[in-house]
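This report concerns only the one structure given below.
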Amino acid sequence: MKQYTYIMVKPDGVEAGLVREIEKRIKNAGLEIVEFDVQKLNGEILDEHYAHVKDRDFYPEMKAFMLSNFVVPMIVYGENAVAKMRELMGPTNSNEAPAGTIRGDYGDKEIINRNVIHGADSPENAIIEIERFFKIKLEQPK
Ligand code: GDP
């Protein structure tokens, strides 16, 4: 089933010049980047996006990091795009991410929040996140 997902290269990925490499990996996985942006986030949108970790002790440091530089939000489309992107990214903790995954290859092995890339965890959340960052109301294909 073809679907949309929401992807965001975090400030560490942008600073390390990884946007083109990530784009290449997405295309090589047979997925299409249908929209692409460069944004400097504000605290409000970040608190909303990370509501599920907002009360964790690591959040203040993570928030400062996420606001420290530009991010590159993308809308990615294709067969099983949500799961395929999560596979390309690897697990949250870059230390546990296998080589060949984006986080395994480029994530910070000590500071968990510096894990290069965000990807929506479900087709439903992808639609919510696309609307949050692109102000576009999409529907997943039926
Ligand atoms: P994701 O879906 O793989 O991004 O993981 P989560 O939704 O669980 O967490 C959101 C983000 O919070 C992660 O991508 C990390 O940047 C950060 N994060 C999660 N757990 C930790 C942690 O234990 N320590 C730190 N420093 N950051 C974390």
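Please note that chains go A, B, ... in the order of the structure tokens, that every chain numbers its residues from 1, and that ligands are numbered from 1 in the order shown.
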Quick one: everything within 8 Å of segment 64-75 of chain A, counting only C-alpha atoms, minus sequence neighbours fewer than 4 positions away in the same chain. Send it as a PyMOL selection string. chain A and resi 4-11+14+19+33-43+46+60+114+130+133
So that I have them on file, write out the residues from the current selection with C-alpha atoms, as an mmCIF file, in the first residue's frame.
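Written output follows (result-v1.cif):
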data_model
loop_
_atom_site.group_PDB
_atom_site.id
_atom_site.type_symbol
_atom_site.label_atom_id
_atom_site.label_comp_id
_atom_site.auth_asym_id
_atom_site.auth_seq_id
_atom_site.Cartn_x
_atom_site.Cartn_y
_atom_site.Cartn_z
ATOM 1 C CA TYR A 4 2.867 9.313 2.809
ATOM 2 C CA THR A 5 5.283 9.745 5.673
ATOM 3 C CA TYR A 6 6.821 12.739 7.387
ATOM 4 C CA ILE A 7 10.612 12.968 7.650
ATOM 5 C CA MET A 8 12.774 15.670 9.189
ATOM 6 C CA VAL A 9 16.566 15.954 9.038
ATOM 7 C CA LYS A 10 17.597 17.333 12.452
ATOM 8 C CA PRO A 11 20.170 20.127 12.974
ATOM 9 C CA VAL A 14 22.055 19.484 8.361
ATOM 10 C CA VAL A 19 20.847 16.134 3.412
ATOM 11 C CA ILE A 33 10.382 12.965 -1.971
ATOM 12 C CA VAL A 34 7.280 14.942 -2.890
ATOM 13 C CA GLU A 35 7.950 18.038 -0.790
ATOM 14 C CA PHE A 36 11.074 19.475 0.775
ATOM 15 C CA ASP A 37 11.646 22.519 2.980
ATOM 16 C CA VAL A 38 14.231 24.239 5.163
ATOM 17 C CA GLN A 39 12.840 25.615 8.433
ATOM 18 C CA LYS A 40 14.011 27.131 11.687
ATOM 19 C CA LEU A 41 11.577 25.786 14.279
ATOM 20 C CA ASN A 42 10.100 27.617 17.253
ATOM 21 C CA GLY A 43 9.570 26.223 20.753
ATOM 22 C CA LEU A 46 8.558 21.608 18.861
ATOM 23 C CA PRO A 60 15.325 20.730 27.736
ATOM 24 C CA ARG A 114 21.501 13.819 18.195
ATOM 25 C CA ILE A 130 2.693 16.869 7.585
ATOM 26 C CA PHE A 133 5.091 21.380 9.438
#
What residues have any atom no more than 7 Å from ligand 1 when counting only C-alpha atoms and all ligand atoms, and can you list them as a PDB file with C-alpha atoms, in the first residue's frame?
ATOM      1  CA  TYR A  50       7.452  16.126  20.977  1.00  0.00           C
ATOM      2  CA  VAL A  53       8.635  13.204  25.556  1.00  0.00           C
ATOM      3  CA  PHE A  58      16.387  14.986  28.531  1.00  0.00           C
ATOM      4  CA  MET A  62      16.972  18.195  23.231  1.00  0.00           C
ATOM      5  CA  PRO A  91      16.436   2.628  16.141  1.00  0.00           C
ATOM      6  CA  THR A  92      16.236   5.812  18.263  1.00  0.00           C
ATOM      7  CA  ILE A 111      23.963  11.913  23.023  1.00  0.00           C
ATOM      8  CA  ILE A 112      20.782  10.057  22.060  1.00  0.00           C
ATOM      9  CA  ASN A 113      18.852  13.122  20.861  1.00  0.00           C
ATOM     10  CA  ARG A 114      21.501  13.819  18.195  1.00  0.00           C
ATOM     11  CA  ASN A 115      20.204  11.036  15.998  1.00  0.00           C
ATOM     12  CA  HIS A 118      12.995  12.015  12.571  1.00  0.00           C
ATOM     13  CA  GLY A 119      10.426   9.798  10.863  1.00  0.00           C
ATOM     14  CA  ALA A 120       6.720   9.468  11.667  1.00  0.00           C
ATOM     15  CA  ASP A 121       5.864   6.240  13.504  1.00  0.00           C
TER      16      ASP A 121
END
If we count only C-alpha atoms, what is near Lys142 of chain A at a cut-off of 10 Å, once residues fewer than 6 positions away on the same chain are taken out, given as an MDAnalysis selection string? chainID A and resid 1:3
Output C-alpha atoms for every residue in that selection, as a compact mmCIF listing (two decimals), in the first residue's frame.
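again15.txt written:
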# COMPACT_ATOMS: atom_id res chain seq x y z
CA MET A 1 0.00 0.00 0.00
CA LYS A 2 1.42 3.37 -1.02
CA GLN A 3 1.39 6.01 1.69
Per residue of segment 18-98 of chain A within 12 Å of segment 123-129 of chain A, note the shortest atom pair and the distance in Å to one decimal, counting only C-alpha atoms, and order the rows by chain and increasing residue number, as JSON lines.
{"residue": "A:Ile45", "atom": "CA", "partner": "A:Glu129", "partner_atom": "CA", "distance": 10.3}
{"residue": "A:Leu46", "atom": "CA", "partner": "A:Glu129", "partner_atom": "CA", "distance": 11.0}
{"residue": "A:Glu48", "atom": "CA", "partner": "A:Glu129", "partner_atom": "CA", "distance": 9.8}
{"residue": "A:His49", "atom": "CA", "partner": "A:Glu129", "partner_atom": "CA", "distance": 7.4}
{"residue": "A:Tyr50", "atom": "CA", "partner": "A:Glu129", "partner_atom": "CA", "distance": 10.7}
{"residue": "A:Pro73", "atom": "CA", "partner": "A:Glu129", "partner_atom": "CA", "distance": 9.9}
{"residue": "A:Met74", "atom": "CA", "partner": "A:Glu129", "partner_atom": "CA", "distance": 10.4}
{"residue": "A:Ile75", "atom": "CA", "partner": "A:Ala126", "partner_atom": "CA", "distance": 8.8}
{"residue": "A:Val76", "atom": "CA", "partner": "A:Ala126", "partner_atom": "CA", "distance": 9.7}
{"residue": "A:Tyr77", "atom": "CA", "partner": "A:Ala126", "partner_atom": "CA", "distance": 10.7}
{"residue": "A:Gly78", "atom": "CA", "partner": "A:Pro123", "partner_atom": "CA", "distance": 11.8}
{"residue": "A:Glu79", "atom": "CA", "partner": "A:Pro123", "partner_atom": "CA", "distance": 11.8}
{"residue": "A:Asn80", "atom": "CA", "partner": "A:Pro123", "partner_atom": "CA", "distance": 9.2}
{"residue": "A:Ala81", "atom": "CA", "partner": "A:Pro123", "partner_atom": "CA", "distance": 8.7}
{"residue": "A:Val82", "atom": "CA", "partner": "A:Pro123", "partner_atom": "CA", "distance": 6.4}
{"residue": "A:Ala83", "atom": "CA", "partner": "A:Pro123", "partner_atom": "CA", "distance": 9.2}
{"residue": "A:Lys84", "atom": "CA", "partner": "A:Pro123", "partner_atom": "CA", "distance": 11.8}
{"residue": "A:Met85", "atom": "CA", "partner": "A:Ala126", "partner_atom": "CA", "distance": 11.6}
{"residue": "A:Arg86", "atom": "CA", "partner": "A:Pro123", "partner_atom": "CA", "distance": 11.9}
Keeping only N, CA, C and O atoms, write those residues as a PDB file, in the first residue's frame.
ATOM      1  N   ILE A  45       6.041  24.844  18.247  1.00  0.00           N
ATOM      2  CA  ILE A  45       5.808  23.725  17.312  1.00  0.00           C
ATOM      3  C   ILE A  45       6.586  22.483  17.778  1.00  0.00           C
ATOM      4  O   ILE A  45       6.134  21.350  17.658  1.00  0.00           O
ATOM      5  N   LEU A  46       7.759  22.728  18.380  1.00  0.00           N
ATOM      6  CA  LEU A  46       8.558  21.608  18.861  1.00  0.00           C
ATOM      7  C   LEU A  46       7.891  20.918  20.057  1.00  0.00           C
ATOM      8  O   LEU A  46       7.834  19.684  20.136  1.00  0.00           O
ATOM      9  N   GLU A  48       4.809  20.761  20.639  1.00  0.00           N
ATOM     10  CA  GLU A  48       3.646  20.035  20.130  1.00  0.00           C
ATOM     11  C   GLU A  48       4.107  18.716  19.494  1.00  0.00           C
ATOM     12  O   GLU A  48       3.540  17.653  19.751  1.00  0.00           O
ATOM     13  N   HIS A  49       5.156  18.812  18.686  1.00  0.00           N
ATOM     14  CA  HIS A  49       5.673  17.633  17.978  1.00  0.00           C
ATOM     15  C   HIS A  49       6.206  16.587  18.947  1.00  0.00           C
ATOM     16  O   HIS A  49       6.050  15.383  18.727  1.00  0.00           O
ATOM     17  N   TYR A  50       6.851  17.052  20.019  1.00  0.00           N
ATOM     18  CA  TYR A  50       7.452  16.126  20.977  1.00  0.00           C
ATOM     19  C   TYR A  50       6.662  16.066  22.285  1.00  0.00           C
ATOM     20  O   TYR A  50       7.244  15.827  23.351  1.00  0.00           O
ATOM     21  N   PRO A  73      12.485  19.464   6.736  1.00  0.00           N
ATOM     22  CA  PRO A  73      11.291  18.603   6.706  1.00  0.00           C
ATOM     23  C   PRO A  73      11.030  18.100   5.273  1.00  0.00           C
ATOM     24  O   PRO A  73      11.276  18.833   4.312  1.00  0.00           O
ATOM     25  N   MET A  74      10.548  16.878   5.172  1.00  0.00           N
ATOM     26  CA  MET A  74      10.232  16.295   3.852  1.00  0.00           C
ATOM     27  C   MET A  74       8.934  15.507   3.945  1.00  0.00           C
ATOM     28  O   MET A  74       8.640  14.907   4.982  1.00  0.00           O
ATOM     29  N   ILE A  75       8.201  15.486   2.839  1.00  0.00           N
ATOM     30  CA  ILE A  75       7.099  14.538   2.694  1.00  0.00           C
ATOM     31  C   ILE A  75       7.605  13.456   1.749  1.00  0.00           C
ATOM     32  O   ILE A  75       8.060  13.754   0.640  1.00  0.00           O
ATOM     33  N   VAL A  76       7.567  12.220   2.226  1.00  0.00           N
ATOM     34  CA  VAL A  76       8.058  11.084   1.440  1.00  0.00           C
ATOM     35  C   VAL A  76       6.875  10.169   1.126  1.00  0.00           C
ATOM     36  O   VAL A  76       6.004   9.962   1.984  1.00  0.00           O
ATOM     37  N   TYR A  77       6.838   9.642  -0.097  1.00  0.00           N
ATOM     38  CA  TYR A  77       5.701   8.849  -0.551  1.00  0.00           C
ATOM     39  C   TYR A  77       6.179   7.561  -1.202  1.00  0.00           C
ATOM     40  O   TYR A  77       7.182   7.560  -1.928  1.00  0.00           O
ATOM     41  N   GLY A  78       5.429   6.485  -0.967  1.00  0.00           N
ATOM     42  CA  GLY A  78       5.727   5.225  -1.663  1.00  0.00           C
ATOM     43  C   GLY A  78       5.195   4.033  -0.907  1.00  0.00           C
ATOM     44  O   GLY A  78       4.526   4.168   0.129  1.00  0.00           O
ATOM     45  N   GLU A  79       5.512   2.850  -1.425  1.00  0.00           N
ATOM     46  CA  GLU A  79       5.068   1.589  -0.857  1.00  0.00           C
ATOM     47  C   GLU A  79       5.607   1.459   0.574  1.00  0.00           C
ATOM     48  O   GLU A  79       6.823   1.539   0.772  1.00  0.00           O
ATOM     49  N   ASN A  80       4.707   1.268   1.553  1.00  0.00           N
ATOM     50  CA  ASN A  80       5.104   1.100   2.965  1.00  0.00           C
ATOM     51  C   ASN A  80       6.095   2.160   3.435  1.00  0.00           C
ATOM     52  O   ASN A  80       7.058   1.851   4.145  1.00  0.00           O
ATOM     53  N   ALA A  81       5.871   3.402   3.045  1.00  0.00           N
ATOM     54  CA  ALA A  81       6.855   4.464   3.290  1.00  0.00           C
ATOM     55  C   ALA A  81       7.180   4.637   4.785  1.00  0.00           C
ATOM     56  O   ALA A  81       8.340   4.877   5.137  1.00  0.00           O
ATOM     57  N   VAL A  82       6.178   4.497   5.662  1.00  0.00           N
ATOM     58  CA  VAL A  82       6.426   4.719   7.098  1.00  0.00           C
ATOM     59  C   VAL A  82       7.430   3.683   7.618  1.00  0.00           C
ATOM     60  O   VAL A  82       8.467   4.043   8.194  1.00  0.00           O
ATOM     61  N   ALA A  83       7.147   2.402   7.391  1.00  0.00           N
ATOM     62  CA  ALA A  83       8.020   1.342   7.900  1.00  0.00           C
ATOM     63  C   ALA A  83       9.366   1.351   7.184  1.00  0.00           C
ATOM     64  O   ALA A  83      10.414   1.148   7.812  1.00  0.00           O
ATOM     65  N   LYS A  84       9.341   1.601   5.878  1.00  0.00           N
ATOM     66  CA  LYS A  84      10.592   1.614   5.115  1.00  0.00           C
ATOM     67  C   LYS A  84      11.530   2.699   5.629  1.00  0.00           C
ATOM     68  O   LYS A  84      12.737   2.498   5.755  1.00  0.00           O
ATOM     69  N   MET A  85      10.967   3.873   5.933  1.00  0.00           N
ATOM     70  CA  MET A  85      11.808   4.962   6.443  1.00  0.00           C
ATOM     71  C   MET A  85      12.340   4.623   7.832  1.00  0.00           C
ATOM     72  O   MET A  85      13.491   4.914   8.144  1.00  0.00           O
ATOM     73  N   ARG A  86      11.502   4.013   8.688  1.00  0.00           N
ATOM     74  CA  ARG A  86      11.964   3.655  10.038  1.00  0.00           C
ATOM     75  C   ARG A  86      13.117   2.649   9.936  1.00  0.00           C
ATOM     76  O   ARG A  86      14.047   2.669  10.740  1.00  0.00           O
TER      77      ARG A  86
END
Check the DSSP output for the backbone and give back, as a PyMOL selection string, the residues of segment 31-89 of chain A in helix (DSSP H, G or I). chain A and resi 43-49+51-53+59-66+81-89
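For chain A, backbone-based DSSP labels the following residues as strand (DSSP E): Lys2, Gln3, Tyr4, Thr5, Tyr6, Ile7, Met8, Val9, Glu32, Ile33, Val34, Glu35, Phe36, Val72, Pro73, Met74, Ile75, Val76, Tyr77, Gly78, Glu79, Ile117, His118 and Gly119 of chain A.
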Save the residues we just selected, N, CA and C atoms, as a PDB file, in the first residue's frame?
ATOM      1  N   LYS A   2       0.631   2.119  -0.976  1.00  0.00           N
ATOM      2  CA  LYS A   2       1.417   3.366  -1.018  1.00  0.00           C
ATOM      3  C   LYS A   2       0.895   4.334   0.041  1.00  0.00           C
ATOM      4  N   GLN A   3       1.796   5.077   0.637  1.00  0.00           N
ATOM      5  CA  GLN A   3       1.390   6.013   1.691  1.00  0.00           C
ATOM      6  C   GLN A   3       2.397   7.155   1.797  1.00  0.00           C
ATOM      7  N   TYR A   4       1.980   8.187   2.519  1.00  0.00           N
ATOM      8  CA  TYR A   4       2.867   9.313   2.809  1.00  0.00           C
ATOM      9  C   TYR A   4       3.506   9.113   4.175  1.00  0.00           C
ATOM     10  N   THR A   5       4.728   9.627   4.325  1.00  0.00           N
ATOM     11  CA  THR A   5       5.283   9.745   5.673  1.00  0.00           C
ATOM     12  C   THR A   5       5.962  11.107   5.823  1.00  0.00           C
ATOM     13  N   TYR A   6       6.163  11.463   7.081  1.00  0.00           N
ATOM     14  CA  TYR A   6       6.821  12.739   7.387  1.00  0.00           C
ATOM     15  C   TYR A   6       8.229  12.460   7.906  1.00  0.00           C
ATOM     16  N   ILE A   7       9.192  13.131   7.298  1.00  0.00           N
ATOM     17  CA  ILE A   7      10.612  12.968   7.650  1.00  0.00           C
ATOM     18  C   ILE A   7      11.191  14.341   7.964  1.00  0.00           C
ATOM     19  N   MET A   8      12.129  14.380   8.907  1.00  0.00           N
ATOM     20  CA  MET A   8      12.774  15.670   9.189  1.00  0.00           C
ATOM     21  C   MET A   8      14.252  15.426   9.522  1.00  0.00           C
ATOM     22  N   VAL A   9      15.135  16.022   8.717  1.00  0.00           N
ATOM     23  CA  VAL A   9      16.566  15.954   9.038  1.00  0.00           C
ATOM     24  C   VAL A   9      16.797  16.957  10.165  1.00  0.00           C
ATOM     25  N   GLU A  32       9.751   8.323  -2.953  1.00  0.00           N
ATOM     26  CA  GLU A  32       9.768   9.603  -3.665  1.00  0.00           C
ATOM     27  C   GLU A  32       9.678  10.741  -2.644  1.00  0.00           C
ATOM     28  N   ILE A  33      10.495  11.767  -2.829  1.00  0.00           N
ATOM     29  CA  ILE A  33      10.382  12.965  -1.971  1.00  0.00           C
ATOM     30  C   ILE A  33       9.459  13.935  -2.697  1.00  0.00           C
ATOM     31  N   VAL A  34       8.248  14.118  -2.164  1.00  0.00           N
ATOM     32  CA  VAL A  34       7.280  14.942  -2.890  1.00  0.00           C
ATOM     33  C   VAL A  34       7.280  16.396  -2.420  1.00  0.00           C
ATOM     34  N   GLU A  35       7.845  16.661  -1.262  1.00  0.00           N
ATOM     35  CA  GLU A  35       7.950  18.038  -0.790  1.00  0.00           C
ATOM     36  C   GLU A  35       9.156  18.128   0.127  1.00  0.00           C
ATOM     37  N   PHE A  36       9.772  19.299   0.137  1.00  0.00           N
ATOM     38  CA  PHE A  36      11.074  19.475   0.775  1.00  0.00           C
ATOM     39  C   PHE A  36      11.129  20.915   1.274  1.00  0.00           C
ATOM     40  N   VAL A  72      15.386  20.116   8.015  1.00  0.00           N
ATOM     41  CA  VAL A  72      14.875  19.918   6.653  1.00  0.00           C
ATOM     42  C   VAL A  72      13.703  18.933   6.687  1.00  0.00           C
ATOM     43  N   PRO A  73      12.485  19.464   6.736  1.00  0.00           N
ATOM     44  CA  PRO A  73      11.291  18.603   6.706  1.00  0.00           C
ATOM     45  C   PRO A  73      11.030  18.100   5.273  1.00  0.00           C
ATOM     46  N   MET A  74      10.548  16.878   5.172  1.00  0.00           N
ATOM     47  CA  MET A  74      10.232  16.295   3.852  1.00  0.00           C
ATOM     48  C   MET A  74       8.934  15.507   3.945  1.00  0.00           C
ATOM     49  N   ILE A  75       8.201  15.486   2.839  1.00  0.00           N
ATOM     50  CA  ILE A  75       7.099  14.538   2.694  1.00  0.00           C
ATOM     51  C   ILE A  75       7.605  13.456   1.749  1.00  0.00           C
ATOM     52  N   VAL A  76       7.567  12.220   2.226  1.00  0.00           N
ATOM     53  CA  VAL A  76       8.058  11.084   1.440  1.00  0.00           C
ATOM     54  C   VAL A  76       6.875  10.169   1.126  1.00  0.00           C
ATOM     55  N   TYR A  77       6.838   9.642  -0.097  1.00  0.00           N
ATOM     56  CA  TYR A  77       5.701   8.849  -0.551  1.00  0.00           C
ATOM     57  C   TYR A  77       6.179   7.561  -1.202  1.00  0.00           C
ATOM     58  N   GLY A  78       5.429   6.485  -0.967  1.00  0.00           N
ATOM     59  CA  GLY A  78       5.727   5.225  -1.663  1.00  0.00           C
ATOM     60  C   GLY A  78       5.195   4.033  -0.907  1.00  0.00           C
ATOM     61  N   GLU A  79       5.512   2.850  -1.425  1.00  0.00           N
ATOM     62  CA  GLU A  79       5.068   1.589  -0.857  1.00  0.00           C
ATOM     63  C   GLU A  79       5.607   1.459   0.574  1.00  0.00           C
ATOM     64  N   ILE A 117      17.847  12.249  12.320  1.00  0.00           N
ATOM     65  CA  ILE A 117      16.624  12.240  11.501  1.00  0.00           C
ATOM     66  C   ILE A 117      15.410  11.830  12.329  1.00  0.00           C
ATOM     67  N   HIS A 118      14.278  12.420  12.004  1.00  0.00           N
ATOM     68  CA  HIS A 118      12.995  12.015  12.571  1.00  0.00           C
ATOM     69  C   HIS A 118      12.159  11.392  11.466  1.00  0.00           C
ATOM     70  N   GLY A 119      11.392  10.369  11.811  1.00  0.00           N
ATOM     71  CA  GLY A 119      10.426   9.798  10.863  1.00  0.00           C
ATOM     72  C   GLY A 119       9.154   9.446  11.598  1.00  0.00           C
TER      73      GLY A 119
END
